[in-house]
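Peer 1: Just passing along the structure, written as structure tokens.
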Amino acid sequence: MVYQRTAAQRQLDKKRSEGYEDYVASQITRPLLTRFNAKDDLDIYAPGWYIEIKEKHSRISNKWPIPDDCEERNAFIVDELSIRRALRHYPQVFFLLRDNVEKDNPRLFIVPIWEMVALPKKRINREGNTGHKKGKWVVDLTRCTRLANESDAQEYCENAMVDTLWLSSACLGEEIDSL
């Protein structure tokens, strides 16, 4: 799958993400480190947890495979490399995903790494501008936790770490079948 982004599109992406990343960091009231421009680190570190920030600005075209039974509006594309980087810090990583497709009504999700790896997904390699392959996950956010605003992320992360939710033996999301 060849997917070309122009230099102008990449610049717009960078400008949008920088403003939003700074905003998210301003909503966290405890000491933190930011690594927004790092090639091999997560966006925010607060002692005890990390946040990786991702945004969706347009609908996903039919070129992308969407998980079975997932509506396009609940599909979200994430870099597989971001997942692998996050796994280095398991279970302390949370993905803050903002869906900006409806500009007047953005949706905000928080997905802990232990849920991210278990979400329904399709995996695909796309060819980048230079011909190299980039692994992508198209994940289904249907059953993921929604936040009202970015300032709720800190409380969610702190509570999830204290409650050790990743140690629960139950399946994630809605129960499908029981024995």
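We label chains A, B, ... in the order they appear in the structure tokens, count residues from 1 in each chain, and number ligands from 1 in the order shown.
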Taking the DSSP secondary structure from the backbone, can you list the residues of segment 9-177 of chain A that are alpha helix (DSSP H), as a PDB file with N, CA, C and O atoms, in the first residue's frame?

Peer 2:
```
ATOM      1  N   GLN A   9       1.599  18.676   3.946  1.00  0.00           N
ATOM      2  CA  GLN A   9       0.784  17.878   4.862  1.00  0.00           C
ATOM      3  C   GLN A   9       1.577  17.517   6.114  1.00  0.00           C
ATOM      4  O   GLN A   9       1.054  17.587   7.231  1.00  0.00           O
ATOM      5  N   ARG A  10       2.830  17.156   5.938  1.00  0.00           N
ATOM      6  CA  ARG A  10       3.669  16.807   7.084  1.00  0.00           C
ATOM      7  C   ARG A  10       3.889  18.019   7.989  1.00  0.00           C
ATOM      8  O   ARG A  10       3.885  17.905   9.218  1.00  0.00           O
ATOM      9  N   GLN A  11       4.081  19.205   7.393  1.00  0.00           N
ATOM     10  CA  GLN A  11       4.252  20.423   8.185  1.00  0.00           C
ATOM     11  C   GLN A  11       2.986  20.752   8.970  1.00  0.00           C
ATOM     12  O   GLN A  11       3.059  21.145  10.127  1.00  0.00           O
ATOM     13  N   LEU A  12       1.826  20.593   8.331  1.00  0.00           N
ATOM     14  CA  LEU A  12       0.557  20.842   9.012  1.00  0.00           C
ATOM     15  C   LEU A  12       0.378  19.858  10.162  1.00  0.00           C
ATOM     16  O   LEU A  12      -0.017  20.246  11.266  1.00  0.00           O
ATOM     17  N   ASP A  13       0.688  18.594   9.939  1.00  0.00           N
ATOM     18  CA  ASP A  13       0.602  17.582  10.994  1.00  0.00           C
ATOM     19  C   ASP A  13       1.468  17.986  12.186  1.00  0.00           C
ATOM     20  O   ASP A  13       1.035  17.919  13.338  1.00  0.00           O
ATOM     21  N   LYS A  14       2.695  18.393  11.896  1.00  0.00           N
ATOM     22  CA  LYS A  14       3.638  18.768  12.965  1.00  0.00           C
ATOM     23  C   LYS A  14       3.118  19.976  13.746  1.00  0.00           C
ATOM     24  O   LYS A  14       3.127  19.980  14.977  1.00  0.00           O
ATOM     25  N   LYS A  15       2.635  20.984  13.038  1.00  0.00           N
ATOM     26  CA  LYS A  15       2.126  22.194  13.695  1.00  0.00           C
ATOM     27  C   LYS A  15       0.933  21.864  14.587  1.00  0.00           C
ATOM     28  O   LYS A  15       0.851  22.306  15.727  1.00  0.00           O
ATOM     29  N   ARG A  16      -0.013  21.065  14.055  1.00  0.00           N
ATOM     30  CA  ARG A  16      -1.194  20.694  14.841  1.00  0.00           C
ATOM     31  C   ARG A  16      -0.794  19.884  16.070  1.00  0.00           C
ATOM     32  O   ARG A  16      -1.286  20.131  17.166  1.00  0.00           O
ATOM     33  N   SER A  17       0.105  18.905  15.877  1.00  0.00           N
ATOM     34  CA  SER A  17       0.453  18.030  16.997  1.00  0.00           C
ATOM     35  C   SER A  17       1.210  18.800  18.081  1.00  0.00           C
ATOM     36  O   SER A  17       0.982  18.576  19.265  1.00  0.00           O
ATOM     37  N   GLU A  18       2.082  19.731  17.701  1.00  0.00           N
ATOM     38  CA  GLU A  18       2.840  20.486  18.703  1.00  0.00           C
ATOM     39  C   GLU A  18       1.908  21.291  19.608  1.00  0.00           C
ATOM     40  O   GLU A  18       2.079  21.298  20.822  1.00  0.00           O
ATOM     41  N   GLY A  19       0.924  21.951  19.032  1.00  0.00           N
ATOM     42  CA  GLY A  19      -0.014  22.735  19.837  1.00  0.00           C
ATOM     43  C   GLY A  19      -0.832  21.857  20.767  1.00  0.00           C
ATOM     44  O   GLY A  19      -1.026  22.187  21.949  1.00  0.00           O
ATOM     45  N   TYR A  20      -1.286  20.726  20.269  1.00  0.00           N
ATOM     46  CA  TYR A  20      -2.106  19.843  21.087  1.00  0.00           C
ATOM     47  C   TYR A  20      -1.273  19.167  22.179  1.00  0.00           C
ATOM     48  O   TYR A  20      -1.709  19.053  23.326  1.00  0.00           O
ATOM     49  N   GLU A  21      -0.066  18.743  21.858  1.00  0.00           N
ATOM     50  CA  GLU A  21       0.800  18.131  22.862  1.00  0.00           C
ATOM     51  C   GLU A  21       1.081  19.095  24.016  1.00  0.00           C
ATOM     52  O   GLU A  21       1.013  18.715  25.191  1.00  0.00           O
ATOM     53  N   ASP A  22       1.370  20.354  23.690  1.00  0.00           N
ATOM     54  CA  ASP A  22       1.605  21.356  24.738  1.00  0.00           C
ATOM     55  C   ASP A  22       0.353  21.546  25.594  1.00  0.00           C
ATOM     56  O   ASP A  22       0.435  21.687  26.815  1.00  0.00           O
ATOM     57  N   TYR A  23      -0.803  21.541  24.945  1.00  0.00           N
ATOM     58  CA  TYR A  23      -2.062  21.689  25.684  1.00  0.00           C
ATOM     59  C   TYR A  23      -2.256  20.517  26.650  1.00  0.00           C
ATOM     60  O   TYR A  23      -2.591  20.722  27.822  1.00  0.00           O
ATOM     61  N   VAL A  24      -2.059  19.293  26.183  1.00  0.00           N
ATOM     62  CA  VAL A  24      -2.211  18.127  27.058  1.00  0.00           C
ATOM     63  C   VAL A  24      -1.261  18.244  28.248  1.00  0.00           C
ATOM     64  O   VAL A  24      -1.659  18.044  29.400  1.00  0.00           O
ATOM     65  N   ALA A  25      -0.011  18.578  27.996  1.00  0.00           N
ATOM     66  CA  ALA A  25       0.966  18.713  29.088  1.00  0.00           C
ATOM     67  C   ALA A  25       0.516  19.769  30.095  1.00  0.00           C
ATOM     68  O   ALA A  25       0.700  19.595  31.305  1.00  0.00           O
ATOM     69  N   SER A  26      -0.102  20.843  29.631  1.00  0.00           N
ATOM     70  CA  SER A  26      -0.555  21.910  30.536  1.00  0.00           C
ATOM     71  C   SER A  26      -1.715  21.459  31.424  1.00  0.00           C
ATOM     72  O   SER A  26      -1.992  22.090  32.446  1.00  0.00           O
ATOM     73  N   GLU A  80       2.726   0.855  14.498  1.00  0.00           N
ATOM     74  CA  GLU A  80       3.142  -0.324  15.253  1.00  0.00           C
ATOM     75  C   GLU A  80       4.433  -0.041  16.018  1.00  0.00           C
ATOM     76  O   GLU A  80       4.625  -0.539  17.124  1.00  0.00           O
ATOM     77  N   LEU A  81       5.299   0.784  15.461  1.00  0.00           N
ATOM     78  CA  LEU A  81       6.531   1.130  16.167  1.00  0.00           C
ATOM     79  C   LEU A  81       6.221   1.841  17.487  1.00  0.00           C
ATOM     80  O   LEU A  81       6.894   1.610  18.501  1.00  0.00           O
ATOM     81  N   SER A  82       5.193   2.678  17.515  1.00  0.00           N
ATOM     82  CA  SER A  82       4.790   3.337  18.767  1.00  0.00           C
ATOM     83  C   SER A  82       4.360   2.314  19.803  1.00  0.00           C
ATOM     84  O   SER A  82       4.662   2.454  20.994  1.00  0.00           O
ATOM     85  N   ILE A  83       3.668   1.285  19.360  1.00  0.00           N
ATOM     86  CA  ILE A  83       3.235   0.220  20.271  1.00  0.00           C
ATOM     87  C   ILE A  83       4.461  -0.497  20.837  1.00  0.00           C
ATOM     88  O   ILE A  83       4.562  -0.726  22.049  1.00  0.00           O
ATOM     89  N   ARG A  84       5.402  -0.837  19.962  1.00  0.00           N
ATOM     90  CA  ARG A  84       6.594  -1.550  20.433  1.00  0.00           C
ATOM     91  C   ARG A  84       7.402  -0.687  21.400  1.00  0.00           C
ATOM     92  O   ARG A  84       7.933  -1.183  22.402  1.00  0.00           O
ATOM     93  N   ARG A  85       7.520   0.612  21.127  1.00  0.00           N
ATOM     94  CA  ARG A  85       8.221   1.505  22.060  1.00  0.00           C
ATOM     95  C   ARG A  85       7.505   1.551  23.401  1.00  0.00           C
ATOM     96  O   ARG A  85       8.129   1.570  24.461  1.00  0.00           O
ATOM     97  N   ALA A  86       6.193   1.589  23.349  1.00  0.00           N
ATOM     98  CA  ALA A  86       5.399   1.648  24.578  1.00  0.00           C
ATOM     99  C   ALA A  86       5.558   0.378  25.401  1.00  0.00           C
ATOM    100  O   ALA A  86       5.584   0.426  26.637  1.00  0.00           O
ATOM    101  N   LEU A  87       5.696  -0.745  24.737  1.00  0.00           N
ATOM    102  CA  LEU A  87       5.817  -2.014  25.455  1.00  0.00           C
ATOM    103  C   LEU A  87       7.079  -2.081  26.316  1.00  0.00           C
ATOM    104  O   LEU A  87       7.133  -2.850  27.277  1.00  0.00           O
ATOM    105  N   ILE A 113      -1.907   0.510  27.633  1.00  0.00           N
ATOM    106  CA  ILE A 113      -1.166  -0.399  26.752  1.00  0.00           C
ATOM    107  C   ILE A 113      -1.703  -1.823  26.842  1.00  0.00           C
ATOM    108  O   ILE A 113      -1.767  -2.532  25.836  1.00  0.00           O
ATOM    109  N   TRP A 114      -2.129  -2.257  28.015  1.00  0.00           N
ATOM    110  CA  TRP A 114      -2.643  -3.628  28.147  1.00  0.00           C
ATOM    111  C   TRP A 114      -3.954  -3.811  27.399  1.00  0.00           C
ATOM    112  O   TRP A 114      -4.285  -4.917  27.003  1.00  0.00           O
ATOM    113  N   GLU A 115      -4.707  -2.746  27.155  1.00  0.00           N
ATOM    114  CA  GLU A 115      -5.897  -2.833  26.312  1.00  0.00           C
ATOM    115  C   GLU A 115      -5.532  -2.663  24.840  1.00  0.00           C
ATOM    116  O   GLU A 115      -6.088  -3.330  23.974  1.00  0.00           O
ATOM    117  N   MET A 116      -4.600  -1.762  24.558  1.00  0.00           N
ATOM    118  CA  MET A 116      -4.217  -1.494  23.164  1.00  0.00           C
ATOM    119  C   MET A 116      -3.787  -2.774  22.457  1.00  0.00           C
ATOM    120  O   MET A 116      -4.188  -3.025  21.318  1.00  0.00           O
ATOM    121  N   ASP A 152      -8.770  15.052  32.557  1.00  0.00           N
ATOM    122  CA  ASP A 152      -9.178  13.791  33.194  1.00  0.00           C
ATOM    123  C   ASP A 152      -8.138  12.688  33.033  1.00  0.00           C
ATOM    124  O   ASP A 152      -8.204  11.661  33.716  1.00  0.00           O
ATOM    125  N   ALA A 153      -7.188  12.857  32.131  1.00  0.00           N
ATOM    126  CA  ALA A 153      -6.196  11.812  31.855  1.00  0.00           C
ATOM    127  C   ALA A 153      -5.338  11.512  33.081  1.00  0.00           C
ATOM    128  O   ALA A 153      -5.052  10.344  33.370  1.00  0.00           O
ATOM    129  N   GLN A 154      -4.922  12.532  33.809  1.00  0.00           N
ATOM    130  CA  GLN A 154      -4.062  12.317  34.975  1.00  0.00           C
ATOM    131  C   GLN A 154      -4.746  11.424  35.997  1.00  0.00           C
ATOM    132  O   GLN A 154      -4.163  10.438  36.459  1.00  0.00           O
ATOM    133  N   GLU A 155      -5.973  11.720  36.356  1.00  0.00           N
ATOM    134  CA  GLU A 155      -6.696  10.909  37.349  1.00  0.00           C
ATOM    135  C   GLU A 155      -6.877   9.475  36.849  1.00  0.00           C
ATOM    136  O   GLU A 155      -6.695   8.516  37.605  1.00  0.00           O
ATOM    137  N   TYR A 156      -7.209   9.321  35.570  1.00  0.00           N
ATOM    138  CA  TYR A 156      -7.390   7.979  35.017  1.00  0.00           C
ATOM    139  C   TYR A 156      -6.095   7.174  35.132  1.00  0.00           C
ATOM    140  O   TYR A 156      -6.097   6.034  35.595  1.00  0.00           O
ATOM    141  N   CYS A 157      -4.985   7.764  34.716  1.00  0.00           N
ATOM    142  CA  CYS A 157      -3.696   7.061  34.747  1.00  0.00           C
ATOM    143  C   CYS A 157      -3.300   6.696  36.175  1.00  0.00           C
ATOM    144  O   CYS A 157      -2.877   5.554  36.439  1.00  0.00           O
ATOM    145  N   GLU A 158      -3.436   7.638  37.088  1.00  0.00           N
ATOM    146  CA  GLU A 158      -3.055   7.370  38.473  1.00  0.00           C
ATOM    147  C   GLU A 158      -3.916   6.260  39.075  1.00  0.00           C
ATOM    148  O   GLU A 158      -3.395   5.344  39.713  1.00  0.00           O
ATOM    149  N   ASN A 159      -5.223   6.303  38.847  1.00  0.00           N
ATOM    150  CA  ASN A 159      -6.106   5.270  39.394  1.00  0.00           C
ATOM    151  C   ASN A 159      -5.837   3.906  38.768  1.00  0.00           C
ATOM    152  O   ASN A 159      -5.835   2.883  39.463  1.00  0.00           O
ATOM    153  N   ALA A 160      -5.607   3.873  37.477  1.00  0.00           N
ATOM    154  CA  ALA A 160      -5.348   2.598  36.798  1.00  0.00           C
ATOM    155  C   ALA A 160      -4.074   1.950  37.314  1.00  0.00           C
ATOM    156  O   ALA A 160      -4.011   0.731  37.500  1.00  0.00           O
ATOM    157  N   MET A 161      -3.052   2.750  37.577  1.00  0.00           N
ATOM    158  CA  MET A 161      -1.804   2.192  38.084  1.00  0.00           C
ATOM    159  C   MET A 161      -1.971   1.680  39.515  1.00  0.00           C
ATOM    160  O   MET A 161      -1.474   0.609  39.863  1.00  0.00           O
ATOM    161  N   VAL A 162      -2.696   2.397  40.352  1.00  0.00           N
ATOM    162  CA  VAL A 162      -2.918   1.961  41.727  1.00  0.00           C
ATOM    163  C   VAL A 162      -3.808   0.719  41.766  1.00  0.00           C
ATOM    164  O   VAL A 162      -3.575  -0.204  42.532  1.00  0.00           O
ATOM    165  N   ASP A 163      -4.814   0.677  40.901  1.00  0.00           N
ATOM    166  CA  ASP A 163      -5.750  -0.458  40.884  1.00  0.00           C
ATOM    167  C   ASP A 163      -5.171  -1.695  40.193  1.00  0.00           C
ATOM    168  O   ASP A 163      -5.807  -2.747  40.198  1.00  0.00           O
TER     169      ASP A 163
END
```

Peer 1: Going by DSSP on the backbone, which residues of segment 4-175 of chain A come out as strand (DSSP E or B)? List them as number ranges by chain.

Peer 2: A: 33-34, 44-46, 49-56, 75-79, 93-99, 107-112, 121-127, 133-140, 145-147

Peer 1: Which residue out of A:Cys171, A:Leu141, A:Leu33, A:Ile44 has the minimum interatomic distance to Phe109 of chain A when only C-alpha atoms are used?

Peer 2: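 The closest residue to Phe109 of chain A is A:Leu141.
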
Peer 1: For Glu52 of chain A, please output as a compact mmCIF listing (two decimals) with N, CA, C and O atoms, in the first residue's frame all residues within 9 Å (counting only C-alpha atoms; exclusion window: fewer than 6 positions along the same chain).

Peer 2:
```txt
# COMPACT_ATOMS: atom_id res chain seq x y z
N LEU A 42 8.48 8.25 24.43
CA LEU A 42 7.05 8.56 24.53
C LEU A 42 6.87 10.04 24.84
O LEU A 42 7.79 10.70 25.33
N ASP A 43 5.68 10.57 24.59
CA ASP A 43 5.45 12.02 24.66
C ASP A 43 5.59 12.62 26.05
O ASP A 43 6.22 13.65 26.23
N ILE A 44 4.93 12.00 27.04
CA ILE A 44 4.90 12.57 28.38
C ILE A 44 5.27 11.49 29.40
O ILE A 44 4.78 10.37 29.33
N SER A 82 5.19 2.68 17.52
CA SER A 82 4.79 3.34 18.77
C SER A 82 4.36 2.31 19.80
O SER A 82 4.66 2.45 20.99
N ALA A 86 6.19 1.59 23.35
CA ALA A 86 5.40 1.65 24.58
C ALA A 86 5.56 0.38 25.40
O ALA A 86 5.58 0.43 26.64
N VAL A 93 2.00 2.66 30.37
CA VAL A 93 1.76 3.52 29.21
C VAL A 93 0.27 3.62 28.89
O VAL A 93 -0.45 2.62 28.88
N PHE A 94 -0.13 4.84 28.59
CA PHE A 94 -1.50 5.14 28.20
C PHE A 94 -1.47 5.91 26.89
O PHE A 94 -0.67 6.84 26.73
N PHE A 95 -2.32 5.54 25.97
CA PHE A 95 -2.47 6.26 24.71
C PHE A 95 -3.64 7.21 24.85
O PHE A 95 -4.76 6.78 25.17
N LEU A 96 -3.40 8.50 24.63
CA LEU A 96 -4.45 9.50 24.61
C LEU A 96 -4.76 9.76 23.14
O LEU A 96 -3.91 10.29 22.41
N LEU A 97 -5.94 9.34 22.69
CA LEU A 97 -6.31 9.39 21.28
C LEU A 97 -7.43 10.39 21.09
O LEU A 97 -8.51 10.23 21.68
```

Peer 1: Measuring between only C-alpha atoms, which one of A:Pro65, A:Thr29, A:Phe36, A:Leu147 shows the shortest distance to Leu108 of chain A?

Peer 2: A:Leu147

Peer 1: Name all residues at most 9 Å from Val139 of chain A (count only C-alpha atoms; drop same-chain ones fewer than 2 positions away) and give them as a list of chain:residue names.

Peer 2: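 Skipping anything fewer than 2 positions along the chain leaves A:Ile66, A:Pro67, A:Cys70, A:Asn74, A:Ala75, A:Phe76, A:Ile77, A:Val78, A:Met116, A:Leu119, A:Pro120, A:Lys121, A:Lys122, A:Arg123, A:Trp137, A:Leu141.
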